[in-house]
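What follows is work_4.cif (mmCIF, C-alpha atoms).
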data_coords
#
loop_
_atom_site.group_PDB
_atom_site.id
_atom_site.type_symbol
_atom_site.label_atom_id
_atom_site.label_comp_id
_atom_site.auth_asym_id
_atom_site.auth_seq_id
_atom_site.Cartn_x
_atom_site.Cartn_y
_atom_site.Cartn_z
ATOM 1 C CA MET A 1 -24.109 -0.840 -11.400
ATOM 2 C CA ALA A 2 -21.594 0.332 -8.788
ATOM 3 C CA ALA A 3 -17.956 -0.703 -8.926
ATOM 4 C CA THR A 4 -16.634 -3.197 -6.408
ATOM 5 C CA ILE A 5 -13.007 -2.818 -5.391
ATOM 6 C CA VAL A 6 -10.842 -5.021 -3.135
ATOM 7 C CA VAL A 7 -7.331 -4.519 -1.764
ATOM 8 C CA SER A 8 -4.634 -6.899 -3.043
ATOM 9 C CA VAL A 9 -1.048 -7.527 -1.925
ATOM 10 C CA SER A 10 1.731 -8.836 -4.163
ATOM 11 C CA ASN A 11 4.803 -10.510 -2.666
ATOM 12 C CA GLY A 12 7.619 -12.872 -3.541
ATOM 13 C CA ALA A 13 9.539 -13.252 -6.765
ATOM 14 C CA GLY A 14 6.529 -14.484 -8.768
ATOM 15 C CA PRO A 15 4.716 -12.491 -7.510
ATOM 16 C CA THR A 16 2.102 -14.208 -5.401
ATOM 17 C CA VAL A 17 -1.033 -12.055 -5.397
ATOM 18 C CA THR A 18 -3.463 -12.171 -2.490
ATOM 19 C CA ASP A 19 -6.819 -10.486 -3.118
ATOM 20 C CA SER A 20 -9.334 -9.143 -0.601
ATOM 21 C CA VAL A 21 -6.917 -8.482 2.255
ATOM 22 C CA SER A 22 -8.257 -6.625 5.267
ATOM 23 C CA GLY A 23 -4.931 -5.045 6.181
ATOM 24 C CA VAL A 24 -1.180 -5.382 5.747
ATOM 25 C CA ASP A 25 1.651 -6.046 8.149
ATOM 26 C CA LEU A 26 4.807 -4.006 7.843
ATOM 27 C CA ALA A 27 7.246 -6.663 9.043
ATOM 28 C CA SER A 28 10.645 -8.228 8.429
ATOM 29 C CA ILE A 29 9.191 -10.820 6.049
ATOM 30 C CA ASP A 30 7.859 -10.605 2.494
ATOM 31 C CA ASN A 31 4.326 -11.981 2.809
ATOM 32 C CA ALA A 32 0.690 -10.915 2.564
ATOM 33 C CA LEU A 33 -0.369 -11.835 6.084
ATOM 34 C CA ASN A 34 -2.098 -9.508 8.513
ATOM 35 C CA THR A 35 -2.014 -11.269 11.862
ATOM 36 C CA LEU A 36 -0.648 -10.676 15.331
ATOM 37 C CA ALA A 37 1.325 -13.928 15.069
ATOM 38 C CA ASN A 38 2.966 -12.699 11.841
ATOM 39 C CA ARG A 39 3.982 -9.391 13.426
ATOM 40 C CA GLN A 40 5.302 -11.109 16.564
ATOM 41 C CA ALA A 41 7.310 -13.678 14.595
ATOM 42 C CA ASN A 42 8.742 -11.099 12.159
ATOM 43 C CA PRO A 43 9.512 -7.875 14.028
ATOM 44 C CA ILE A 44 11.476 -5.023 12.479
ATOM 45 C CA THR A 45 14.816 -4.537 14.212
ATOM 46 C CA VAL A 46 15.529 -0.953 15.253
ATOM 47 C CA GLY A 47 17.719 0.809 12.734
ATOM 48 C CA THR A 48 16.291 -1.219 9.832
ATOM 49 C CA ASN A 49 13.284 -1.218 7.505
ATOM 50 C CA SER A 50 10.254 -3.380 6.936
ATOM 51 C CA TYR A 51 9.929 -5.224 3.680
ATOM 52 C CA GLU A 52 8.335 -3.057 1.028
ATOM 53 C CA LYS A 53 4.626 -3.784 0.763
ATOM 54 C CA TRP A 54 3.250 -3.808 -2.811
ATOM 55 C CA ILE A 55 -0.487 -3.058 -2.836
ATOM 56 C CA ARG A 56 -2.997 -2.704 -5.661
ATOM 57 C CA LEU A 57 -6.732 -2.340 -5.921
ATOM 58 C CA LYS A 58 -8.588 -4.992 -7.901
ATOM 59 C CA ILE A 59 -11.786 -4.118 -9.707
ATOM 60 C CA THR A 60 -14.092 -7.070 -9.079
ATOM 61 C CA ALA A 61 -17.167 -5.443 -10.624
ATOM 62 C CA THR A 62 -17.027 -2.527 -13.037
ATOM 63 C CA PRO A 63 -19.472 0.362 -13.053
ATOM 64 C CA ALA A 64 -21.630 1.341 -16.014
ATOM 65 C CA ASN A 65 -18.921 3.631 -17.407
ATOM 66 C CA TYR A 66 -15.589 3.822 -15.545
ATOM 67 C CA VAL A 67 -13.574 4.260 -12.354
ATOM 68 C CA GLN A 68 -10.569 6.575 -12.285
ATOM 69 C CA SER A 69 -8.569 9.094 -10.234
ATOM 70 C CA PHE A 70 -7.553 6.770 -7.423
ATOM 71 C CA LYS A 71 -6.209 8.805 -4.479
ATOM 72 C CA VAL A 72 -4.578 7.769 -1.193
ATOM 73 C CA TRP A 73 -3.992 9.507 2.124
ATOM 74 C CA PHE A 74 -2.821 8.645 5.607
ATOM 75 C CA ASP A 75 -3.786 9.622 9.160
ATOM 76 C CA SER A 76 -0.346 11.262 9.616
ATOM 77 C CA ALA A 77 0.244 9.749 13.051
ATOM 78 C CA VAL A 78 3.414 7.670 13.201
ATOM 79 C CA ASP A 79 5.495 6.695 16.219
ATOM 80 C CA ALA A 80 8.579 8.655 17.210
ATOM 81 C CA SER A 81 11.748 7.668 15.342
ATOM 82 C CA THR A 82 9.813 5.977 12.520
ATOM 83 C CA THR A 83 8.939 7.093 9.015
ATOM 84 C CA LEU A 84 6.341 5.540 6.733
ATOM 85 C CA TRP A 85 7.555 5.917 3.153
ATOM 86 C CA PHE A 86 5.373 5.356 0.099
ATOM 87 C CA THR A 87 4.888 5.942 -3.590
ATOM 88 C CA GLY A 88 1.825 5.550 -5.755
ATOM 89 C CA ALA A 89 1.164 4.862 -9.429
ATOM 90 C CA TYR A 90 4.079 2.439 -9.740
ATOM 91 C CA VAL A 91 3.612 0.276 -12.820
ATOM 92 C CA THR A 92 6.031 -2.658 -12.671
ATOM 93 C CA TYR A 93 6.168 -4.983 -9.673
ATOM 94 C CA GLN A 94 9.512 -5.728 -8.057
ATOM 95 C CA GLN A 95 10.025 -8.148 -5.206
ATOM 96 C CA GLY A 96 10.077 -6.276 -1.901
ATOM 97 C CA THR A 97 13.288 -5.447 -0.083
ATOM 98 C CA THR A 98 14.351 -4.389 3.396
ATOM 99 C CA ALA A 99 17.069 -2.161 1.940
ATOM 100 C CA THR A 100 16.152 1.510 1.932
ATOM 101 C CA SER A 101 13.548 1.713 -0.809
ATOM 102 C CA THR A 102 14.362 3.637 -3.947
ATOM 103 C CA ILE A 103 10.675 3.415 -4.878
ATOM 104 C CA ALA A 104 8.802 4.241 -1.655
ATOM 105 C CA ASN A 105 10.456 7.612 -1.104
ATOM 106 C CA ALA A 106 7.720 10.084 -0.106
ATOM 107 C CA ASP A 107 6.856 10.700 3.551
ATOM 108 C CA ALA A 108 3.293 9.441 4.046
ATOM 109 C CA THR A 109 2.576 11.893 6.878
ATOM 110 C CA THR A 110 2.470 14.782 4.411
ATOM 111 C CA TYR A 111 -0.478 13.239 2.556
ATOM 112 C CA THR A 112 -3.699 13.688 4.526
ATOM 113 C CA SER A 113 -7.367 14.157 3.624
ATOM 114 C CA GLY A 114 -6.591 17.748 2.638
ATOM 115 C CA ASN A 115 -3.578 16.763 0.499
ATOM 116 C CA LYS A 116 -4.220 13.415 -1.172
ATOM 117 C CA ALA A 117 -1.579 11.595 -3.203
ATOM 118 C CA VAL A 118 -2.131 9.879 -6.549
ATOM 119 C CA TRP A 119 -2.485 6.109 -6.337
ATOM 120 C CA ASP A 120 -3.405 5.680 -10.011
ATOM 121 C CA ASN A 121 -4.731 8.137 -12.603
ATOM 122 C CA ALA A 122 -5.664 5.473 -15.152
ATOM 123 C CA GLN A 123 -9.269 4.943 -16.207
ATOM 124 C CA TYR A 124 -10.789 1.463 -15.935
ATOM 125 C CA THR A 125 -13.896 1.038 -18.053
ATOM 126 C CA ALA A 126 -16.906 -1.248 -17.970
ATOM 127 C CA GLY A 127 -15.839 -4.745 -18.926
ATOM 128 C CA GLN A 128 -12.447 -4.582 -17.207
ATOM 129 C CA THR A 129 -13.523 -6.832 -14.363
ATOM 130 C CA GLY A 130 -10.442 -8.337 -12.731
ATOM 131 C CA ALA A 131 -8.195 -5.413 -13.666
ATOM 132 C CA TYR A 132 -5.670 -4.170 -11.124
ATOM 133 C CA THR A 133 -4.621 -0.582 -10.514
ATOM 134 C CA ARG A 134 -1.009 0.471 -10.404
ATOM 135 C CA HIS A 135 0.935 -0.274 -7.231
ATOM 136 C CA LEU A 136 1.078 1.614 -3.967
ATOM 137 C CA VAL A 137 4.416 0.769 -2.326
ATOM 138 C CA LEU A 138 4.939 1.190 1.438
ATOM 139 C CA GLN A 139 7.996 0.764 3.655
ATOM 140 C CA LEU A 140 8.406 1.481 7.361
ATOM 141 C CA GLU A 141 11.783 2.861 8.458
ATOM 142 C CA VAL A 142 12.518 2.272 12.137
ATOM 143 C CA GLY A 143 15.166 4.572 13.589
ATOM 144 C CA SER A 144 17.998 3.253 15.733
ATOM 145 C CA ASP A 145 16.542 5.149 18.705
ATOM 146 C CA ALA A 146 12.972 3.829 18.325
ATOM 147 C CA GLY A 147 11.399 2.315 21.414
ATOM 148 C CA PRO A 148 10.463 -1.375 21.631
ATOM 149 C CA GLY A 149 6.968 -2.732 21.133
ATOM 150 C CA ASN A 150 4.184 -2.573 18.629
ATOM 151 C CA TRP A 151 4.042 0.216 16.078
ATOM 152 C CA THR A 152 0.816 2.217 16.257
ATOM 153 C CA GLN A 153 -1.654 1.199 13.558
ATOM 154 C CA GLU A 154 -1.693 3.520 10.556
ATOM 155 C CA THR A 155 -4.958 4.123 8.735
ATOM 156 C CA VAL A 156 -4.597 4.313 4.966
ATOM 157 C CA ASN A 157 -7.581 5.705 3.066
ATOM 158 C CA TYR A 158 -8.318 5.643 -0.633
ATOM 159 C CA SER A 159 -10.945 7.066 -2.947
ATOM 160 C CA TYR A 160 -11.804 7.035 -6.642
ATOM 161 C CA ASP A 161 -14.219 8.634 -9.062
ATOM 162 C CA GLU A 162 -16.933 6.500 -10.592
ATOM 163 C CA ALA A 163 -19.381 7.137 -13.409
#
What do you get writing this file as structure tokens?
Amino acid sequence: MAATIVVSVSNGAGPTVTDSVSGVDLASIDNALNTLANRQANPITVGTNSYEKWIRLKITATPANYVQSFKVWFDSAVDASTTLWFTGAYVTYQQGTTATSTIANADATTYTSGNKAVWDNAQYTAGQTGAYTRHLVLQLEVGSDAGPGNWTQETVNYSYDEA
């Protein structure tokens, strides 16, 4: 049987975990929403950062043997005066912050299809249905000279090996 994987977002002090999200908003609020209304109500002020976004993959059906070697890469197109920071394979959740992240500290634009980053190197075996990978942490830094308006959508890709 093939593995089934969904994207999950953790937020808040608890954390609250939201499974099967179709996207994430990088905004000035710590939530798991992905809506135009959320982005409009919670813009990122120039010269500040979005809340960190804590993302994991949830294994909702395991394969016959295992899934492993989770990789992530980005489309490398970000708006002028912005930087998308990230880190992968982070084990312990921490509530997101708008302070400059000490966790998400690698420039996402350097990780493309030809240079993928590690999301999680762990192996998840048959019978681990409901298991979550390690965290991918994202934060958008908006420079003080950034223009107003919507940030261009960033495509984040992931892959894994399955046997």
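Remark: for Thr45 in chain A, the closest of the candidate residues A:Ser10, A:Gln68, A:Leu84, A:Ala27 is A:Ala27 (distances computed over only C-alpha atoms).
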Using all atoms listed in the file, I'd like a table of the residues in range 52-101 of chain A that come within 10 Å of range 109-133 of chain A; for each, show the closest atom pair and its distance in Å rounded to one decimal, ordered by chain and ascending number, as JSON lines.
{"residue": "A:Ile55", "atom": "CA", "partner": "A:Thr133", "partner_atom": "CA", "distance": 9.1}
{"residue": "A:Arg56", "atom": "CA", "partner": "A:Thr133", "partner_atom": "CA", "distance": 5.5}
{"residue": "A:Leu57", "atom": "CA", "partner": "A:Thr133", "partner_atom": "CA", "distance": 5.4}
{"residue": "A:Lys58", "atom": "CA", "partner": "A:Tyr132", "partner_atom": "CA", "distance": 4.4}
{"residue": "A:Ile59", "atom": "CA", "partner": "A:Gly130", "partner_atom": "CA", "distance": 5.4}
{"residue": "A:Thr60", "atom": "CA", "partner": "A:Gly130", "partner_atom": "CA", "distance": 5.3}
{"residue": "A:Ala61", "atom": "CA", "partner": "A:Thr129", "partner_atom": "CA", "distance": 5.4}
{"residue": "A:Thr62", "atom": "CA", "partner": "A:Ala126", "partner_atom": "CA", "distance": 5.1}
{"residue": "A:Pro63", "atom": "CA", "partner": "A:Ala126", "partner_atom": "CA", "distance": 5.8}
{"residue": "A:Ala64", "atom": "CA", "partner": "A:Ala126", "partner_atom": "CA", "distance": 5.7}
{"residue": "A:Asn65", "atom": "CA", "partner": "A:Ala126", "partner_atom": "CA", "distance": 5.3}
{"residue": "A:Tyr66", "atom": "CA", "partner": "A:Thr125", "partner_atom": "CA", "distance": 4.1}
{"residue": "A:Val67", "atom": "CA", "partner": "A:Tyr124", "partner_atom": "CA", "distance": 5.3}
{"residue": "A:Gln68", "atom": "CA", "partner": "A:Gln123", "partner_atom": "CA", "distance": 4.4}
{"residue": "A:Ser69", "atom": "CA", "partner": "A:Asn121", "partner_atom": "CA", "distance": 4.6}
{"residue": "A:Phe70", "atom": "CA", "partner": "A:Asp120", "partner_atom": "CA", "distance": 5.0}
{"residue": "A:Lys71", "atom": "CA", "partner": "A:Val118", "partner_atom": "CA", "distance": 4.7}
{"residue": "A:Val72", "atom": "CA", "partner": "A:Ala117", "partner_atom": "CA", "distance": 5.3}
{"residue": "A:Trp73", "atom": "CA", "partner": "A:Thr112", "partner_atom": "CA", "distance": 4.8}
{"residue": "A:Phe74", "atom": "CA", "partner": "A:Thr112", "partner_atom": "CA", "distance": 5.2}
{"residue": "A:Asp75", "atom": "CA", "partner": "A:Thr112", "partner_atom": "CA", "distance": 6.2}
{"residue": "A:Ser76", "atom": "CA", "partner": "A:Thr109", "partner_atom": "CA", "distance": 4.1}
{"residue": "A:Ala77", "atom": "CA", "partner": "A:Thr109", "partner_atom": "CA", "distance": 6.9}
{"residue": "A:Val78", "atom": "CA", "partner": "A:Thr109", "partner_atom": "CA", "distance": 7.6}
{"residue": "A:Thr83", "atom": "CA", "partner": "A:Thr109", "partner_atom": "CA", "distance": 8.3}
{"residue": "A:Leu84", "atom": "CA", "partner": "A:Thr109", "partner_atom": "CA", "distance": 7.4}
{"residue": "A:Trp85", "atom": "CA", "partner": "A:Thr109", "partner_atom": "CA", "distance": 8.6}
{"residue": "A:Phe86", "atom": "CA", "partner": "A:Thr109", "partner_atom": "CA", "distance": 9.8}
{"residue": "A:Thr87", "atom": "CA", "partner": "A:Trp119", "partner_atom": "CA", "distance": 7.9}
{"residue": "A:Gly88", "atom": "CA", "partner": "A:Trp119", "partner_atom": "CA", "distance": 4.4}
{"residue": "A:Ala89", "atom": "CA", "partner": "A:Asp120", "partner_atom": "CA", "distance": 4.7}
{"residue": "A:Tyr90", "atom": "CA", "partner": "A:Asp120", "partner_atom": "CA", "distance": 8.2}
{"residue": "A:Val91", "atom": "CA", "partner": "A:Thr133", "partner_atom": "CA", "distance": 8.6}
Nearest to Tyr93 in chain A by atom-to-atom distance, counting only C-alpha atoms, from A:Val46, A:Val6, A:Val17, A:Ala106: A:Val17
Which of A:Ser81, A:Gln139, A:Asn11, A:Thr18 sits closest to Thr102 in chain A [using only C-alpha atoms]: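 Checking each candidate against Thr102 in chain A, we get A:Gln139 as the closest.
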Straight-line distance linking CA of Ser8 in chain A with CA of Glu141 in chain A, stated in Å to one decimal: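 Interatomic distance, CA of Ser8 in chain A to CA of Glu141 in chain A: 22.3 Å.
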Neighbour list for Val21 in chain A as a list in words, cut-off 9 Å, all atoms listed in the file, skip fewer than 5 positions in-chain: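 My reading of the contact set: Val6, Val7, Ser8, Val9, Ala32, Leu33 and Asn34 of chain A.
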Who sits within 8 Å of Glu52 in chain A, all atoms listed in the file, same chain under 4 positions skipped, as a PyMOL selection string: chain A and resi 26+30+96-98+101+104+137-140
Point-to-point distance from CA of Gly47 in chain A to CA of Asp145 in chain A, Å rounded to tenths: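 We find that CA of Gly47 in chain A and CA of Asp145 in chain A lie 7.5 Å from each other.
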Which residues come within 9 Å of Ile29 in chain A, counting all atoms listed in the file, excluding same-chain residues fewer than 4 positions away, as a compact mmCIF listing (two decimals) with C-alpha atoms, keeping the file's coordinate frame?
# COMPACT_ATOMS: atom_id res chain seq x y z
CA ASN A 38 2.97 -12.70 11.84
CA ASN A 42 8.74 -11.10 12.16
CA PRO A 43 9.51 -7.88 14.03
CA ILE A 44 11.48 -5.02 12.48
CA SER A 50 10.25 -3.38 6.94
CA TYR A 51 9.93 -5.22 3.68
CA THR A 98 14.35 -4.39 3.40
Selected residue, from A:Leu136, A:Arg39, A:Ala163, A:Pro15, that lies nearest to Gly149 in chain A when counting only C-alpha atoms: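 Comparing A:Leu136, A:Arg39, A:Ala163, A:Pro15 against Gly149 in chain A, the winner is A:Arg39.
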